[in-house]
Amino acid sequence: MGEERRGPAVRVARWSARNPWKAIIGWLVLVVVCVGAGAVVGTNQAGGSDFWVGEAGRAEAIATEGGLVQPPTERVLITQRGGGQVGESAARAADDVARRLGGLPSVDQVQAPRTAQDGTAVLVTFTMVGTAKDATAALPDVNAQVEQARGGYGDVQLEQTGTVSTSQGNSAQLGSDLLRAELITFPVTLVILLLVFGALLAAAVPLLLAISSVGTALGLYGLASYAFPDAGGAVANVVLLMGMAVGVDYSLFYLKRVREERARAGGRIDHRTAVELAAVTSGHAIVVSGVAVLVSLVGLYLADDVIFSSITTGSIIVVLVAVLSSLTVLPALLAKLGGRVDRRSVRKNGARPESEQPSRVWQGLLRPATRHPVVTLVVATGAMLLLALPALGITLRVEGNDTFPKTIPAIATYDRMTQSFPAEGVAHFVAVQADAGQADAVRRALTSLDQRAQADPLFADTTEPRLRSSADGRITTLELPVPTGANAEASIRSLDVLRSTLLPATVGAVPGARYAVSGQVARSVDYVEHQGERTPLIVGFVLLATFVMMSTSFRSVVIGLVGIALNVLSAAAAFGALVAVFQGTWAQDLLGFASGGFVSSRIPLILFVILFGLSMDYQVFVVSRIREGVLAGLPTRRAVAEGVTRSAGVVTSAAVVMVSVFVSFLFVGLLELKQIGFGLAVAVILDAVVIRILVLPSLLTLLGHRSWWPGKVPVPAAPGVAARRAEHTLR
């Protein structure tokens with residue numbers, strides 16, 4: 001086939017191989033420009049309204065209109081060292097803290113110190129000026145004043161918690177955890193690649209390209225955030241995770257194919273020619289794989305959620321950059337480095353770069369699927385379905401203070417504070433809008449609501465109603481604290497009672513009044529409900545788009561159906577394992593987490609979309625090798641055996657690299673990232689072992705020539721003729 005009929009990806013890769021310095025310098029310039037641009041423009045952070053969802057969002061909108069948004073609130077807990085009843089020293093310390101904080105321009109209001117009912121603690125509560133971002137910037141000044149007060153009272157303990165300090169503590173802990181994960185990921189990945197390639201330079205190339213791709217993507221993400229605001233959280237972490245996974249994989253697939261091309265030619269072709277030949281096969285497969293991942297990721301935009309939009313944007317950018325690097329700078333580097341990326345034995349003795357004979361181990365592992373396809377398919381599929389069963393009992397919640405690592409001082413202080421002051425923890429936030437003439441009626445209704453809530457054990461006791469009204473009297477808010485955590489069943493029941501019974505019976509009786517409930521519990525419940533409504537649309541889009549992409553790429557409707565069926569199977573099994581581990585308590589000590597009895601609500605969609613993309617990664621490369629054999633005239637059974645065994649080494653190596661990256665996230669304290677890492681690691685293992693070695697080969701063997709319907713592929717030739725055709729095609 002002439003070069004003029006090759007696709008643009010092949011032409012780009014060939015140009016890079018023939019003009020290596022231009023491609024390398026161009027890549028370096030791109031990396032520097034993107035990283036620099038990202039540093040200069042910064043990141044556009046999402047605002048409060050970007051996170052509004054459901055009824056909780058409506059309540060926030062009403063409160064915002066009246067200037068009654070809950071301000072950033074901090075608290076200083078004062079207890080006696082060694083425990084027991086607080087004394088005069090604690091009271092003096094509380095007064096000192098209140099006086100110091102009251103003198104700061106960043107502090108709006110300081111409440112009078114309060115002593116717990118059991119006399120074991122004193123609490124100083126204060127609100128800060130401006131938004132959470134303003135409060136975060138001013139927090140060091142607050143911390144300094146608390147620290148100065150702490151030094152004057154040796155017999156009492158002063159601890160701080162609140163919306164800002166908790167967030168800061170989480171960020172600091174996450175940064176420390178991620179640094180530790182990276183210190184594990186990079187060396188382990190390098191060692192794995194060194195074992196795979198047998199040459200330090202060959203091992204370093206994929207790792208360096210992946211790191212540069214992640215840096216470039218993060219710079220571009222800063223620019224993109226002005227179109228898709230950054231929701232913070234785990235975006236950068238997901239970009240790192242995806243970039244390392246696909247970046248290393250694409251480089252590994254390409255480099256291994258270059259060695260294989262030289263081996264087939266018996267060393268009679270140079271490295272540049274081998275790089276160009278690899279562009280026709282692995283280069284094309286990288287593009288198809290990249291498109292598959294991108295198609296899956298695009299579906300997350302349908303979630304209509306700023307967090308998913310941020311994650312999707314970052315992931316799409318890093319995959320695009322990884323594909324670009326694999327088609328430009330990677331061929332250029334391989335062509336320029338030449339024999340220096342070969343194994344030492346090859347460079348020293350002139351041996352073949354790679355063995356052309358498939359491993360006997362892989363042939364043995366594949367034998368059940370090709371010789372007994374029905375039994376293998378039934379047993380393997382049944383095992384996957386059994387593993388998926390726990391997913392039917394999945395419980396979704398939004399992670400909060402009750403699941404954040406207790407090693408964070410602000411979280412540990414929060415737990416102790418809510419034990420002594422239950423009303424200072426979780427609270428429902430009721431917002432009411434009515435005509436100004438109805439202001440008194442609204443306040444009476446909310447006062448009645450507060451009294452009814454006080455009589456219900458689902459709500460916490462307060463000394464007086466926490467009412468606030470706007471200057472024009474049109475909007476009034478009420479806080480109703482609950483004595484349990486945001487994800488506790490009792491808190492969720494209290495929200496249901498409030499929305500379905502208490503509010504209609506009180507505020508609902510005020511003519512023309514509009515009301516809604518927000519707060520930690522409401523935001524969690526409404527967020528999960530919103531995602532549940534969007535999930536069928538996202539899943540349907542990903543399945544349909546993936547089917548179209550696979551069917552078009554391989555000119556086979558059957559391959560398209562097989563692809564989505566197997567991906568759904570592996571995703572379901574991964575979900576089942578995730579639920580079995582994280583909703584129970586048996587693995588807490590093993591994996592270092594405190595089970596909240598639920599899975600983080602964002603996990604299912606994130607895992608489904610990423611897993612679908614990464615699973616397609618393997619299927620594209622394996623099915624591409626099988627199709628090469630079929631197009632050369634091999635019977636499908638033989639082509640399956642050849643394709644799977646010949647790709648086994650590189651796909652397994654890629655899977656090991658991916659798993660090592662994902663497993664490193666198990667060392668992160670944040671439960672959500674821990675669940676993402678676990679789910680992805682399990683899915684890749686299942687996909688690389690069960691799906692690729694057992695389910696896919698047995699299914700294609702059973703389907704035979706029908707696997708490629710309605711595409712036109714050669715009728716299987718006689719064994720000798722087929723072998724010669726295959727050899728000619730592969731060359």
# chains A, B, ... in the order shown; residues from 1 in each chain; ligands from 1
call {"tool": "residues_around", "arguments": {"residues": "Arg499 (chain A)", "least_positions_apart": "4", "cutoff": "9 Å", "atoms": "only C-alpha atoms", "output": "list in words"}}
result
Ser494, Leu495, Leu503, Pro504, Ala516 and Val517 of chain A
call {"tool": "write_last_selection", "arguments": {"atoms": "N, CA and C atoms", "output": "tab-separated table (two decimals), in the first residue's frame"}}
result
chain	number	residue	atom	x	y	z
A	494	SER	N	-33.86	12.40	58.90
A	494	SER	CA	-34.28	13.73	59.37
A	494	SER	C	-34.54	14.66	58.19
A	495	LEU	N	-33.74	14.53	57.14
A	495	LEU	CA	-33.98	15.36	55.95
A	495	LEU	C	-35.31	15.00	55.30
A	503	LEU	N	-41.83	20.88	56.95
A	503	LEU	CA	-41.92	22.11	56.16
A	503	LEU	C	-43.31	22.33	55.57
A	504	PRO	N	-43.94	21.33	54.94
A	504	PRO	CA	-45.29	21.56	54.41
A	504	PRO	C	-46.28	21.97	55.49
A	516	ALA	N	-36.85	25.75	50.32
A	516	ALA	CA	-36.00	24.62	49.91
A	516	ALA	C	-35.00	24.36	51.03
A	517	VAL	N	-34.45	23.15	51.04
A	517	VAL	CA	-33.52	22.74	52.10
A	517	VAL	C	-32.16	22.41	51.50
call {"tool": "residues_around", "arguments": {"residues": "Gln619 (chain A)", "least_positions_apart": "3", "cutoff": "12 Å", "atoms": "only C-alpha atoms", "output": "VMD selection string"}}
result
chain A and resid 285 to 286 288 to 289 292 to 293 546 550 553 to 554 559 to 560 562 to 567 612 to 616 622 to 627 643 to 644 647 to 648 651 684 687 to 688 691 to 693 695 to 697
call {"tool": "select_by_dssp", "arguments": {"residues": "region 492-679 of chain A", "states": "strand (DSSP E)", "output": "short mmCIF file (atom, residue, chain, number, x, y, z; two decimals) with all heavy atoms, in the first residue's frame"}}
result
data_model
loop_
_atom_site.label_atom_id
_atom_site.label_comp_id
_atom_site.auth_asym_id
_atom_site.auth_seq_id
_atom_site.Cartn_x
_atom_site.Cartn_y
_atom_site.Cartn_z
N ARG A 514 -41.94 30.32 48.97
CA ARG A 514 -41.11 29.30 48.31
C ARG A 514 -40.03 28.87 49.28
O ARG A 514 -39.39 29.71 49.90
CB ARG A 514 -40.47 29.87 47.03
CG ARG A 514 -41.43 30.19 45.92
CD ARG A 514 -40.70 30.83 44.74
NE ARG A 514 -39.57 30.03 44.29
CZ ARG A 514 -38.31 30.46 44.29
NH1 ARG A 514 -38.01 31.67 44.75
NH2 ARG A 514 -37.34 29.67 43.86
N TYR A 515 -39.82 27.58 49.40
CA TYR A 515 -38.82 27.12 50.35
C TYR A 515 -38.05 25.93 49.79
O TYR A 515 -38.52 25.21 48.89
CB TYR A 515 -39.46 26.75 51.69
CG TYR A 515 -40.54 25.69 51.59
CD1 TYR A 515 -40.22 24.33 51.62
CD2 TYR A 515 -41.89 26.05 51.48
CE1 TYR A 515 -41.21 23.37 51.53
CE2 TYR A 515 -42.87 25.10 51.40
CZ TYR A 515 -42.53 23.75 51.42
OH TYR A 515 -43.51 22.79 51.32
N ALA A 516 -36.85 25.75 50.32
CA ALA A 516 -36.00 24.62 49.91
C ALA A 516 -35.00 24.36 51.03
O ALA A 516 -34.74 25.23 51.87
CB ALA A 516 -35.28 24.94 48.60
N VAL A 517 -34.45 23.15 51.04
CA VAL A 517 -33.52 22.74 52.10
C VAL A 517 -32.16 22.41 51.50
O VAL A 517 -32.07 21.66 50.51
CB VAL A 517 -34.05 21.51 52.86
CG1 VAL A 517 -33.07 21.13 53.98
CG2 VAL A 517 -35.43 21.79 53.43
N SER A 518 -31.12 22.96 52.09
CA SER A 518 -29.75 22.63 51.71
C SER A 518 -29.02 22.13 52.95
O SER A 518 -29.65 21.73 53.93
CB SER A 518 -29.06 23.85 51.09
OG SER A 518 -27.76 23.51 50.65
N GLY A 519 -27.71 22.16 52.93
CA GLY A 519 -26.91 21.62 54.03
C GLY A 519 -26.14 20.40 53.57
O GLY A 519 -26.35 19.88 52.47
N VAL A 599 -20.00 3.71 48.98
CA VAL A 599 -19.02 4.03 47.95
C VAL A 599 -19.23 5.49 47.57
O VAL A 599 -20.37 5.95 47.47
CB VAL A 599 -19.20 3.12 46.72
CG1 VAL A 599 -18.33 3.59 45.55
CG2 VAL A 599 -18.86 1.68 47.07
N SER A 600 -18.16 6.22 47.39
CA SER A 600 -18.28 7.64 47.03
C SER A 600 -19.11 7.78 45.76
O SER A 600 -18.93 7.05 44.79
CB SER A 600 -16.89 8.22 46.80
OG SER A 600 -16.98 9.59 46.48
#
call {"tool": "residues_around", "arguments": {"residues": "Gly87 (chain A)", "least_positions_apart": "2", "cutoff": "10 Å", "atoms": "only C-alpha atoms", "output": "ChimeraX atom specification"}}
result
/A:79-80,84-85,89-92,119-122,155-156
call {"tool": "residues_around", "arguments": {"residues": "region 20-26 of chain A", "least_positions_apart": "2", "cutoff": "9 Å", "atoms": "only C-alpha atoms", "output": "JSON, numbers by chain"}}
result
{"A": [15, 16, 17, 18, 28, 29, 30, 31, 328, 329, 330, 331, 332, 333, 334, 335, 336]}
call {"tool": "write_last_selection", "arguments": {"atoms": "C-alpha atoms", "output": "compact mmCIF listing (two decimals), in the first residue's frame"}}
result
# COMPACT_ATOMS: atom_id res chain seq x y z
CA TRP A 15 7.79 12.25 9.06
CA SER A 16 8.94 12.28 12.70
CA ALA A 17 11.16 9.25 12.14
CA ARG A 18 12.74 10.88 9.09
CA LEU A 28 10.24 20.22 23.84
CA VAL A 29 8.98 23.62 22.71
CA LEU A 30 5.38 22.44 23.11
CA VAL A 31 6.04 21.16 26.64
CA THR A 328 5.71 12.50 16.99
CA VAL A 329 8.49 12.56 19.54
CA LEU A 330 8.44 8.82 20.26
CA PRO A 331 9.19 7.72 16.64
CA ALA A 332 11.77 10.50 16.45
CA LEU A 333 13.51 9.35 19.63
CA LEU A 334 13.47 5.69 18.57
CA ALA A 335 14.88 6.54 15.14
CA LYS A 336 17.57 8.76 16.66
call {"tool": "closest_residue", "arguments": {"among": "A:Leu561, A:Ile211, A:Ala149, A:Ala204", "to": "Trp708 (chain A)", "atoms": "only C-alpha atoms"}}
result
A:Leu561
call {"tool": "select_by_dssp", "arguments": {"residues": "region 53-174 of chain A", "states": "alpha helix (DSSP H)", "output": "PyMOL selection string"}}
result
chain A and resi 54-65+88-102+132-150+163-174
call {"tool": "residues_around", "arguments": {"residues": "Ala93 (chain A)", "least_positions_apart": "6", "cutoff": "12 Å", "atoms": "only C-alpha atoms", "output": "list of chain:residue names"}}
result
A:Val76, A:Leu77, A:Ile78, A:Thr79, A:Gln80, A:Val86, A:Gly87, A:Arg99, A:Arg100, A:Pro113, A:Ala121, A:Val122, A:Leu123, A:Val124, A:Gln145, A:Val146, A:Glu147, A:Gln148, A:Ala149, A:Arg150, A:Gly151, A:Gly152, A:Tyr153, A:Gly154, A:Asp155, A:Val156, A:Gln157, A:Leu158, A:Glu159
call {"tool": "residues_around", "arguments": {"residues": "Leu590 (chain A)", "least_positions_apart": "5", "cutoff": "12 Å", "atoms": "only C-alpha atoms", "output": "compact mmCIF listing (two decimals) with N, CA and C atoms, in the first residue's frame"}}
result
# COMPACT_ATOMS: atom_id res chain seq x y z
N VAL A 581 -15.29 -4.67 49.13
CA VAL A 581 -14.17 -4.22 49.95
C VAL A 581 -14.51 -2.98 50.76
N PHE A 582 -15.09 -1.96 50.12
CA PHE A 582 -15.21 -0.66 50.77
C PHE A 582 -16.53 -0.43 51.51
N THR A 585 -16.24 -3.78 56.42
CA THR A 585 -15.17 -3.36 57.33
C THR A 585 -13.99 -4.32 57.35
N SER A 595 -14.30 2.50 56.90
CA SER A 595 -15.48 2.32 56.05
C SER A 595 -16.65 3.14 56.56
N LEU A 666 -3.67 3.57 46.47
CA LEU A 666 -4.16 2.96 47.70
C LEU A 666 -3.45 3.52 48.91
N PHE A 667 -2.31 4.19 48.69
CA PHE A 667 -1.56 4.77 49.80
C PHE A 667 -2.01 6.20 50.11
call {"tool": "closest_residue", "arguments": {"among": "A:Gly314, A:Gly425, A:Gly473, A:Gly102", "to": "Thr161 (chain A)", "atoms": "only C-alpha atoms"}}
result
A:Gly425
call {"tool": "atom_distance", "arguments": {"atom1": "CA of Val682 (chain A)", "atom2": "CA of Gln583 (chain A)"}}
result
16.1 Å
call {"tool": "atom_distance", "arguments": {"atom1": "CA of Val640 (chain A)", "atom2": "CA of Ser660 (chain A)"}}
result
28.0 Å
